[in-house]
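my_file.cif (mmCIF, C-alpha atoms, pLDDT in the B column; chains and numbers go by the auth columns) appears below.
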```
data_my_file
loop_
_atom_site.group_PDB
_atom_site.id
_atom_site.type_symbol
_atom_site.label_atom_id
_atom_site.label_comp_id
_atom_site.label_asym_id
_atom_site.label_seq_id
_atom_site.Cartn_x
_atom_site.Cartn_y
_atom_site.Cartn_z
_atom_site.B_iso_or_equiv
_atom_site.auth_seq_id
_atom_site.auth_asym_id
ATOM 1 C CA MET A 1 -7.215 2.289 -49.726 75.00 4 A
ATOM 2 C CA ALA A 2 -10.180 0.238 -50.955 80.00 5 A
ATOM 3 C CA LEU A 3 -12.561 3.123 -50.323 83.00 6 A
ATOM 4 C CA ILE A 4 -10.216 5.519 -52.085 83.00 7 A
ATOM 5 C CA LEU A 5 -9.981 3.206 -55.111 85.00 8 A
ATOM 6 C CA PHE A 6 -13.764 2.773 -55.218 89.00 9 A
ATOM 7 C CA ALA A 7 -14.375 6.532 -54.852 89.00 10 A
ATOM 8 C CA PHE A 8 -11.888 7.154 -57.669 88.00 11 A
ATOM 9 C CA TRP A 9 -13.808 4.685 -59.852 88.00 12 A
ATOM 10 C CA VAL A 10 -17.100 6.441 -59.159 89.00 13 A
ATOM 11 C CA ILE A 11 -15.583 9.877 -59.855 91.00 14 A
ATOM 12 C CA LEU A 12 -14.159 8.685 -63.165 90.00 15 A
ATOM 13 C CA ASN A 13 -17.570 7.345 -64.191 89.00 16 A
ATOM 14 C CA GLY A 14 -19.400 10.509 -63.208 87.00 17 A
ATOM 15 C CA ARG A 15 -22.490 8.678 -61.966 87.00 18 A
ATOM 16 C CA LEU A 16 -23.387 5.769 -59.720 86.00 19 A
ATOM 17 C CA THR A 17 -25.623 2.920 -60.835 90.00 20 A
ATOM 18 C CA TRP A 18 -25.797 -0.679 -59.617 91.00 21 A
ATOM 19 C CA GLU A 19 -23.855 -1.832 -62.640 92.00 22 A
ATOM 20 C CA ILE A 20 -21.093 0.738 -62.120 90.00 23 A
ATOM 21 C CA ALA A 21 -20.990 -0.101 -58.387 91.00 24 A
ATOM 22 C CA TRP A 22 -20.585 -3.858 -59.051 93.00 25 A
ATOM 23 C CA ILE A 23 -17.895 -3.357 -61.656 92.00 26 A
ATOM 24 C CA GLY A 24 -16.186 -0.828 -59.362 91.00 27 A
ATOM 25 C CA ALA A 25 -16.292 -3.293 -56.463 92.00 28 A
ATOM 26 C CA LEU A 26 -14.745 -5.987 -58.675 94.00 29 A
ATOM 27 C CA ILE A 27 -11.990 -3.667 -59.935 91.00 30 A
ATOM 28 C CA THR A 28 -11.362 -2.429 -56.389 90.00 31 A
ATOM 29 C CA ALA A 29 -11.024 -6.024 -55.159 91.00 32 A
ATOM 30 C CA LEU A 30 -8.559 -6.791 -57.964 91.00 33 A
ATOM 31 C CA GLY A 31 -6.632 -3.609 -57.169 87.00 34 A
ATOM 32 C CA MET A 32 -6.457 -4.586 -53.490 85.00 35 A
ATOM 33 C CA LEU A 33 -5.218 -8.086 -54.407 87.00 36 A
ATOM 34 C CA PHE A 34 -2.483 -6.462 -56.507 87.00 37 A
ATOM 35 C CA LEU A 35 -1.542 -4.097 -53.646 82.00 38 A
ATOM 36 C CA CYS A 36 -1.382 -6.986 -51.156 82.00 39 A
ATOM 37 C CA ALA A 37 0.649 -9.211 -53.488 83.00 40 A
ATOM 38 C CA CYS A 38 3.066 -6.713 -54.993 85.00 41 A
ATOM 39 C CA CYS A 39 3.194 -3.566 -52.868 77.00 42 A
ATOM 40 C CA ASP A 40 3.548 -4.840 -49.287 72.00 43 A
ATOM 41 C CA TRP A 41 0.021 -3.787 -48.353 73.00 44 A
ATOM 42 C CA SER A 42 -2.198 -5.719 -45.952 73.00 45 A
ATOM 43 C CA LEU A 43 -5.686 -5.592 -44.531 74.00 46 A
ATOM 44 C CA ARG A 44 -4.114 -4.741 -41.175 74.00 47 A
ATOM 45 C CA ARG A 45 -2.538 -1.623 -42.716 73.00 48 A
ATOM 46 C CA GLU A 46 -5.876 -0.874 -44.374 74.00 49 A
ATOM 47 C CA GLY A 47 -7.574 -0.847 -40.967 75.00 50 A
ATOM 48 C CA GLY A 48 -4.812 1.328 -39.548 75.00 51 A
ATOM 49 C CA LEU A 49 -5.304 3.792 -42.398 77.00 52 A
ATOM 50 C CA TYR A 50 -9.018 4.133 -41.624 78.00 53 A
ATOM 51 C CA ARG A 51 -8.357 4.435 -37.881 80.00 54 A
ATOM 52 C CA SER A 52 -5.840 7.187 -38.514 83.00 55 A
ATOM 53 C CA VAL A 53 -8.152 9.435 -40.600 86.00 56 A
ATOM 54 C CA PRO A 54 -9.522 11.289 -37.539 91.00 57 A
ATOM 55 C CA LEU A 55 -5.959 11.636 -36.245 91.00 58 A
ATOM 56 C CA LEU A 56 -4.805 13.063 -39.584 90.00 59 A
ATOM 57 C CA ILE A 57 -7.662 15.578 -39.583 93.00 60 A
ATOM 58 C CA GLY A 58 -6.762 16.533 -36.010 93.00 61 A
ATOM 59 C CA TYR A 59 -3.129 16.916 -37.022 94.00 62 A
ATOM 60 C CA ALA A 60 -4.032 19.238 -39.894 94.00 63 A
ATOM 61 C CA PHE A 61 -6.125 21.354 -37.519 95.00 64 A
ATOM 62 C CA THR A 62 -3.211 21.462 -35.039 94.00 65 A
ATOM 63 C CA VAL A 63 -0.827 22.637 -37.769 93.00 66 A
ATOM 64 C CA ILE A 64 -3.202 25.475 -38.681 95.00 67 A
ATOM 65 C CA VAL A 65 -3.559 26.542 -35.034 94.00 68 A
ATOM 66 C CA GLU A 66 0.212 26.460 -34.504 91.00 69 A
ATOM 67 C CA ILE A 67 0.784 28.507 -37.657 92.00 70 A
ATOM 68 C CA VAL A 68 -1.579 31.198 -36.375 94.00 71 A
ATOM 69 C CA LYS A 69 0.080 31.219 -32.932 91.00 72 A
ATOM 70 C CA ALA A 70 3.554 31.403 -34.480 90.00 73 A
ATOM 71 C CA ASN A 71 2.442 34.273 -36.729 92.00 74 A
ATOM 72 C CA LEU A 72 1.357 36.267 -33.690 92.00 75 A
ATOM 73 C CA LYS A 73 4.696 35.542 -31.953 89.00 76 A
ATOM 74 C CA LEU A 74 6.604 36.481 -35.071 90.00 77 A
ATOM 75 C CA CYS A 75 4.721 39.779 -35.393 91.00 78 A
ATOM 76 C CA ARG A 76 5.788 40.702 -31.842 89.00 79 A
ATOM 77 C CA VAL A 77 9.413 39.839 -32.585 89.00 80 A
ATOM 78 C CA VAL A 78 9.468 41.778 -35.857 88.00 81 A
ATOM 79 C CA TYR A 79 7.744 44.876 -34.500 91.00 82 A
ATOM 80 C CA ARG A 80 9.932 44.976 -31.389 88.00 83 A
ATOM 81 C CA GLY A 81 13.036 44.358 -33.481 83.00 84 A
ATOM 82 C CA THR A 82 14.371 41.685 -31.107 81.00 85 A
ATOM 83 C CA PRO A 83 15.334 38.668 -33.221 85.00 86 A
ATOM 84 C CA ASP A 84 18.064 36.503 -31.728 87.00 87 A
ATOM 85 C CA PRO A 85 18.537 33.575 -34.165 91.00 88 A
ATOM 86 C CA VAL A 86 19.590 30.204 -32.815 92.00 89 A
ATOM 87 C CA VAL A 87 20.219 26.776 -34.355 93.00 90 A
ATOM 88 C CA ARG A 88 19.333 23.696 -32.296 91.00 91 A
ATOM 89 C CA ALA A 89 19.463 19.951 -32.817 91.00 92 A
ATOM 90 C CA ILE A 90 16.209 18.496 -31.512 90.00 93 A
ATOM 91 C CA PRO A 91 15.950 14.745 -30.845 90.00 94 A
ATOM 92 C CA THR A 92 12.914 12.932 -32.207 90.00 95 A
ATOM 93 C CA ALA A 93 11.427 9.574 -31.267 88.00 96 A
ATOM 94 C CA LEU A 94 9.580 9.097 -34.557 89.00 97 A
ATOM 95 C CA THR A 95 10.461 5.812 -36.215 88.00 98 A
ATOM 96 C CA THR A 96 9.367 6.208 -39.833 87.00 99 A
ATOM 97 C CA ARG A 97 10.968 8.439 -42.440 88.00 100 A
ATOM 98 C CA MET A 98 7.549 9.715 -43.496 86.00 101 A
ATOM 99 C CA ALA A 99 6.674 10.859 -39.975 89.00 102 A
ATOM 100 C CA ARG A 100 10.039 12.614 -39.596 91.00 103 A
ATOM 101 C CA MET A 101 9.524 14.328 -42.949 92.00 104 A
ATOM 102 C CA VAL A 102 6.024 15.484 -41.965 92.00 105 A
ATOM 103 C CA LEU A 103 7.398 16.797 -38.659 92.00 106 A
ATOM 104 C CA ALA A 104 10.213 18.659 -40.425 93.00 107 A
ATOM 105 C CA ASN A 105 7.794 20.219 -42.910 94.00 108 A
ATOM 106 C CA SER A 106 5.325 21.153 -40.159 93.00 109 A
ATOM 107 C CA ILE A 107 8.076 22.915 -38.246 91.00 110 A
ATOM 108 C CA THR A 108 9.166 24.718 -41.406 92.00 111 A
ATOM 109 C CA LEU A 109 5.571 25.793 -42.100 92.00 112 A
ATOM 110 C CA THR A 110 5.328 27.551 -38.747 89.00 113 A
ATOM 111 C CA PRO A 111 6.717 31.086 -39.113 90.00 114 A
ATOM 112 C CA GLY A 112 10.023 31.764 -37.381 88.00 115 A
ATOM 113 C CA THR A 113 11.377 28.227 -37.701 91.00 116 A
ATOM 114 C CA ILE A 114 13.111 26.389 -40.533 93.00 117 A
ATOM 115 C CA THR A 115 14.249 22.770 -40.541 93.00 118 A
ATOM 116 C CA LEU A 116 17.811 22.682 -41.852 94.00 119 A
ATOM 117 C CA ALA A 117 18.482 18.942 -41.668 93.00 120 A
ATOM 118 C CA CYS A 118 16.516 15.790 -40.958 89.00 121 A
ATOM 119 C CA ARG A 119 18.710 12.980 -39.643 84.00 122 A
ATOM 120 C CA GLU A 120 17.820 9.544 -38.264 83.00 123 A
ATOM 121 C CA GLY A 121 17.176 10.581 -34.670 86.00 124 A
ATOM 122 C CA GLU A 122 17.197 14.361 -34.772 90.00 125 A
ATOM 123 C CA LEU A 123 16.180 17.498 -36.609 91.00 126 A
ATOM 124 C CA VAL A 124 18.405 20.561 -36.950 93.00 127 A
ATOM 125 C CA ILE A 125 16.206 23.649 -36.709 93.00 128 A
ATOM 126 C CA HIS A 126 16.889 27.371 -37.128 93.00 129 A
ATOM 127 C CA CYS A 127 14.680 29.531 -34.901 91.00 130 A
ATOM 128 C CA LEU A 128 14.289 33.282 -34.897 90.00 131 A
ATOM 129 C CA THR A 129 14.383 33.464 -31.087 87.00 132 A
ATOM 130 C CA PRO A 130 15.585 31.129 -28.319 87.00 133 A
ATOM 131 C CA ASP A 131 12.022 31.149 -26.971 84.00 134 A
ATOM 132 C CA MET A 132 10.815 29.479 -30.172 83.00 135 A
ATOM 133 C CA ALA A 133 13.549 26.846 -29.863 83.00 136 A
ATOM 134 C CA ASP A 134 12.689 25.995 -26.242 82.00 137 A
ATOM 135 C CA GLY A 135 9.280 24.607 -27.181 76.00 138 A
ATOM 136 C CA LEU A 136 10.604 22.256 -29.849 80.00 139 A
ATOM 137 C CA ASP A 137 11.898 19.478 -27.574 75.00 140 A
ATOM 138 C CA ASP A 138 8.490 17.803 -27.234 74.00 141 A
ATOM 139 C CA THR A 139 6.139 19.492 -29.671 83.00 142 A
ATOM 140 C CA VAL A 140 2.455 18.833 -30.088 88.00 143 A
ATOM 141 C CA PHE A 141 3.349 17.885 -33.667 91.00 144 A
ATOM 142 C CA GLU A 142 5.566 15.024 -32.533 90.00 145 A
ATOM 143 C CA ARG A 143 3.058 13.713 -29.987 91.00 146 A
ATOM 144 C CA LYS A 144 0.294 13.596 -32.594 92.00 147 A
ATOM 145 C CA LEU A 145 2.577 12.025 -35.197 91.00 148 A
ATOM 146 C CA ARG A 146 3.535 9.293 -32.703 91.00 149 A
ATOM 147 C CA ARG A 147 -0.164 8.485 -32.261 90.00 150 A
ATOM 148 C CA ILE A 148 -0.605 8.340 -36.051 88.00 151 A
ATOM 149 C CA GLU A 149 2.450 6.045 -36.358 86.00 152 A
ATOM 150 C CA GLU A 150 0.960 3.728 -33.739 85.00 153 A
ATOM 151 C CA ALA A 151 -2.381 3.630 -35.570 81.00 154 A
ATOM 152 C CA LEU A 152 -0.735 2.854 -38.899 78.00 155 A
ATOM 153 C CA HIS A 153 2.031 0.490 -37.838 75.00 156 A
ATOM 154 C CA GLY A 154 0.826 -0.885 -34.534 64.00 157 A
#
```
What is this file in structure tokens?
Amino acid sequence: MALILFAFWVILNGRLTWEIAWIGALITALGMLFLCACCDWSLRREGGLYRSVPLLIGYAFTVIVEIVKANLKLCRVVYRGTPDPVVRAIPTALTTRMARMVLANSITLTPGTITLACREGELVIHCLTPDMADGLDDTVFERKLRRIEEALHG
């Protein structure tokens, strides 16, 4: 968060000099003190955020790959005219609401699947074919999100 605040300061100034850098560092330090005191932020969470950046980039790449694969599957289903819709409740081991929301949105982004409900320990998903529903029990999305949760929350 400190790097994000400092980068935001530099962007707002439009240039980087020693004077702007020192003032930016001071304002960033004050902003971090405010976050730690009032917003339940800590240096431990700050480290977890930086450790999770490569995982977040990897997750975004995985979502793109899965979207392409699902598009190819969906094209086969549409051109063959063989949709067989099914609704399944899939259990999830994710602990945070944010991770469950990201998982639900990632599933909805992949063609042929829509998340209907996101409950505490499960997601209710509509799939265009039973084959699409079979792979949702332990998705690559959930495995990567678990790793990100561990990096952020320990």
Point out the residue among A:Trp12, A:Arg91, A:Lys72, A:Ala102 with the least atom-to-atom distance to Asp137 in chain A, counting only C-alpha atoms.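 Distance minimum relative to Asp137 in chain A lands on A:Arg91.
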Using the chain letters and numbers from the file, which residues does the PyMOL selection byres ((chain A and resi 73) around 12) grab, as a ChimeraX atom specification? /A:66-72,74-80,109-116,130-132,134-136,138
Name all residues at most 10 Å from Thr99 in chain A (count all atoms listed in the file; drop same-chain ones fewer than 6 positions away) and give them as a PyMOL selection string. chain A and resi 123+149+152+156
Kindly indicate which residue among A:Cys39, A:Leu52, A:Leu6, A:Leu33 lies nearest to Ala154 in chain A, using all atoms listed in the file for the distances.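 The closest residue to Ala154 in chain A is A:Leu52.
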Taking the file above as input, evaluate the PyMOL selection byres ((chain A and resi 148) around 9) and report the hits as a PyMOL selection string. chain A and resi 58-59+62+97+102-103+105-106+143-147+149-153
With C-alpha atoms retained, write the just-selected residues as a compact mmCIF listing (two decimals), in the coordinates of the input.
```
# COMPACT_ATOMS: atom_id res chain seq x y z
CA LEU A 58 -5.96 11.64 -36.24
CA LEU A 59 -4.80 13.06 -39.58
CA TYR A 62 -3.13 16.92 -37.02
CA LEU A 97 9.58 9.10 -34.56
CA ALA A 102 6.67 10.86 -39.98
CA ARG A 103 10.04 12.61 -39.60
CA VAL A 105 6.02 15.48 -41.96
CA LEU A 106 7.40 16.80 -38.66
CA VAL A 143 2.46 18.83 -30.09
CA PHE A 144 3.35 17.89 -33.67
CA GLU A 145 5.57 15.02 -32.53
CA ARG A 146 3.06 13.71 -29.99
CA LYS A 147 0.29 13.60 -32.59
CA ARG A 149 3.54 9.29 -32.70
CA ARG A 150 -0.16 8.48 -32.26
CA ILE A 151 -0.60 8.34 -36.05
CA GLU A 152 2.45 6.04 -36.36
CA GLU A 153 0.96 3.73 -33.74
```
As an exercise, work out the distance from CA of Leu19 in chain A to CA of Met35 in chain A in Å and give it to one decimal place.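 Distance between the two atoms: 20.8 Å.
CA of Val81 in chain A is positioned 14.4 Å from CA of Pro133 in chain A.
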Which neighbours of Gly34 in chain A fall inside 9 Å, counting all atoms listed in the file, when residues of the same chain fewer than 4 positions from it are skipped, and could you give them as a list in words?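 Answer for this query is Ala5, Leu8, Leu29, Ile30, Leu38 and Cys39 of chain A.
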Just to confirm, what's the straight-line distance from CA of Arg100 in chain A to CA of Val127 in chain A in Å (one decimal)?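 Going from CA of Arg100 in chain A over to CA of Val127 in chain A covers 15.2 Å.
For the set A:Ile93, A:Cys42, A:Ala24, A:Cys121, the residue with the smallest atom-to-atom gap to Asp140 in chain A is A:Ile93, counting all atoms listed in the file.
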How big is the axis-aligned box around all listed atoms of range 100-104 of chain A once 5 Å goes on each side, and where's its centre, in Å to one decimal, as JSON?
```
{"center_x": 8.8, "center_y": 11.4, "center_z": -41.5, "size_x": 14.3, "size_y": 15.9, "size_z": 13.9}
```
From A:Asp141, A:Glu125, A:Met4, A:Asp87, residue lying nearest Glu49 in chain A [all atoms listed in the file]: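 For Glu49 in chain A, the nearest of the given residues is A:Met4.
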Which residues are close to Leu126 in chain A, i.e. within 8 Å by only C-alpha atoms, leaving aside same-chain residues fewer than 6 positions away? Reply as number ranges by chain. A: 92-95, 107, 118-120
Please, could N, CA and C atoms be added to range 119-146 of chain A and the result written as a short mmCIF file (atom, residue, chain, number, x, y, z; two decimals), in the coordinates of the input?
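Output (selection13.cif):
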```cif
data_model
loop_
_atom_site.label_atom_id
_atom_site.label_comp_id
_atom_site.auth_asym_id
_atom_site.auth_seq_id
_atom_site.Cartn_x
_atom_site.Cartn_y
_atom_site.Cartn_z
N LEU A 119 16.61 22.67 -41.01
CA LEU A 119 17.81 22.68 -41.85
C LEU A 119 18.23 21.29 -42.27
N ALA A 120 18.07 20.31 -41.37
CA ALA A 120 18.48 18.94 -41.67
C ALA A 120 17.58 17.97 -40.92
N CYS A 121 17.34 16.84 -41.56
CA CYS A 121 16.52 15.79 -40.96
C CYS A 121 17.35 14.52 -40.95
N ARG A 122 17.88 14.18 -39.78
CA ARG A 122 18.71 12.98 -39.64
C ARG A 122 17.90 11.87 -38.99
N GLU A 123 18.52 10.72 -38.79
CA GLU A 123 17.82 9.54 -38.26
C GLU A 123 17.11 9.82 -36.94
N GLY A 124 17.79 10.39 -35.98
CA GLY A 124 17.18 10.58 -34.67
C GLY A 124 17.03 12.03 -34.25
N GLU A 125 17.28 12.96 -35.16
CA GLU A 125 17.20 14.36 -34.77
C GLU A 125 16.89 15.26 -35.96
N LEU A 126 16.41 16.45 -35.63
CA LEU A 126 16.18 17.50 -36.61
C LEU A 126 17.04 18.69 -36.22
N VAL A 127 17.64 19.34 -37.20
CA VAL A 127 18.40 20.56 -36.95
C VAL A 127 17.51 21.72 -37.40
N ILE A 128 17.20 22.61 -36.46
CA ILE A 128 16.21 23.65 -36.71
C ILE A 128 16.79 25.03 -36.42
N HIS A 129 16.53 25.97 -37.32
CA HIS A 129 16.89 27.37 -37.13
C HIS A 129 15.64 28.09 -36.62
N CYS A 130 15.79 28.78 -35.49
CA CYS A 130 14.68 29.53 -34.90
C CYS A 130 15.04 31.00 -34.80
N LEU A 131 14.05 31.85 -34.93
CA LEU A 131 14.29 33.28 -34.90
C LEU A 131 14.61 33.78 -33.49
N THR A 132 14.09 33.10 -32.48
CA THR A 132 14.38 33.46 -31.09
C THR A 132 14.64 32.20 -30.28
N PRO A 133 15.39 32.29 -29.18
CA PRO A 133 15.58 31.13 -28.32
C PRO A 133 14.27 30.63 -27.71
N ASP A 134 13.32 31.53 -27.51
CA ASP A 134 12.02 31.15 -26.97
C ASP A 134 11.31 30.17 -27.90
N MET A 135 11.42 30.39 -29.20
CA MET A 135 10.82 29.48 -30.17
C MET A 135 11.50 28.12 -30.14
N ALA A 136 12.79 28.10 -29.89
CA ALA A 136 13.55 26.85 -29.86
C ALA A 136 13.26 26.03 -28.60
N ASP A 137 12.93 26.71 -27.49
CA ASP A 137 12.69 26.00 -26.24
C ASP A 137 11.49 25.07 -26.32
N GLY A 138 10.47 25.43 -27.09
CA GLY A 138 9.28 24.61 -27.18
C GLY A 138 9.37 23.47 -28.16
N LEU A 139 10.50 23.27 -28.81
CA LEU A 139 10.60 22.26 -29.85
C LEU A 139 11.03 20.88 -29.35
N ASP A 140 11.44 20.77 -28.09
CA ASP A 140 11.90 19.48 -27.57
C ASP A 140 10.81 18.41 -27.62
N ASP A 141 9.61 18.75 -27.20
CA ASP A 141 8.49 17.80 -27.23
C ASP A 141 7.27 18.55 -27.76
N THR A 142 7.20 18.70 -29.08
CA THR A 142 6.14 19.49 -29.67
C THR A 142 4.84 18.71 -29.75
N VAL A 143 3.76 19.45 -29.89
CA VAL A 143 2.46 18.83 -30.09
C VAL A 143 2.44 18.08 -31.42
N PHE A 144 3.24 18.58 -32.39
CA PHE A 144 3.35 17.89 -33.67
C PHE A 144 3.87 16.46 -33.48
N GLU A 145 4.95 16.34 -32.71
CA GLU A 145 5.57 15.02 -32.53
C GLU A 145 4.65 14.07 -31.77
N ARG A 146 3.98 14.57 -30.75
CA ARG A 146 3.06 13.71 -29.99
C ARG A 146 1.95 13.17 -30.88
#
```
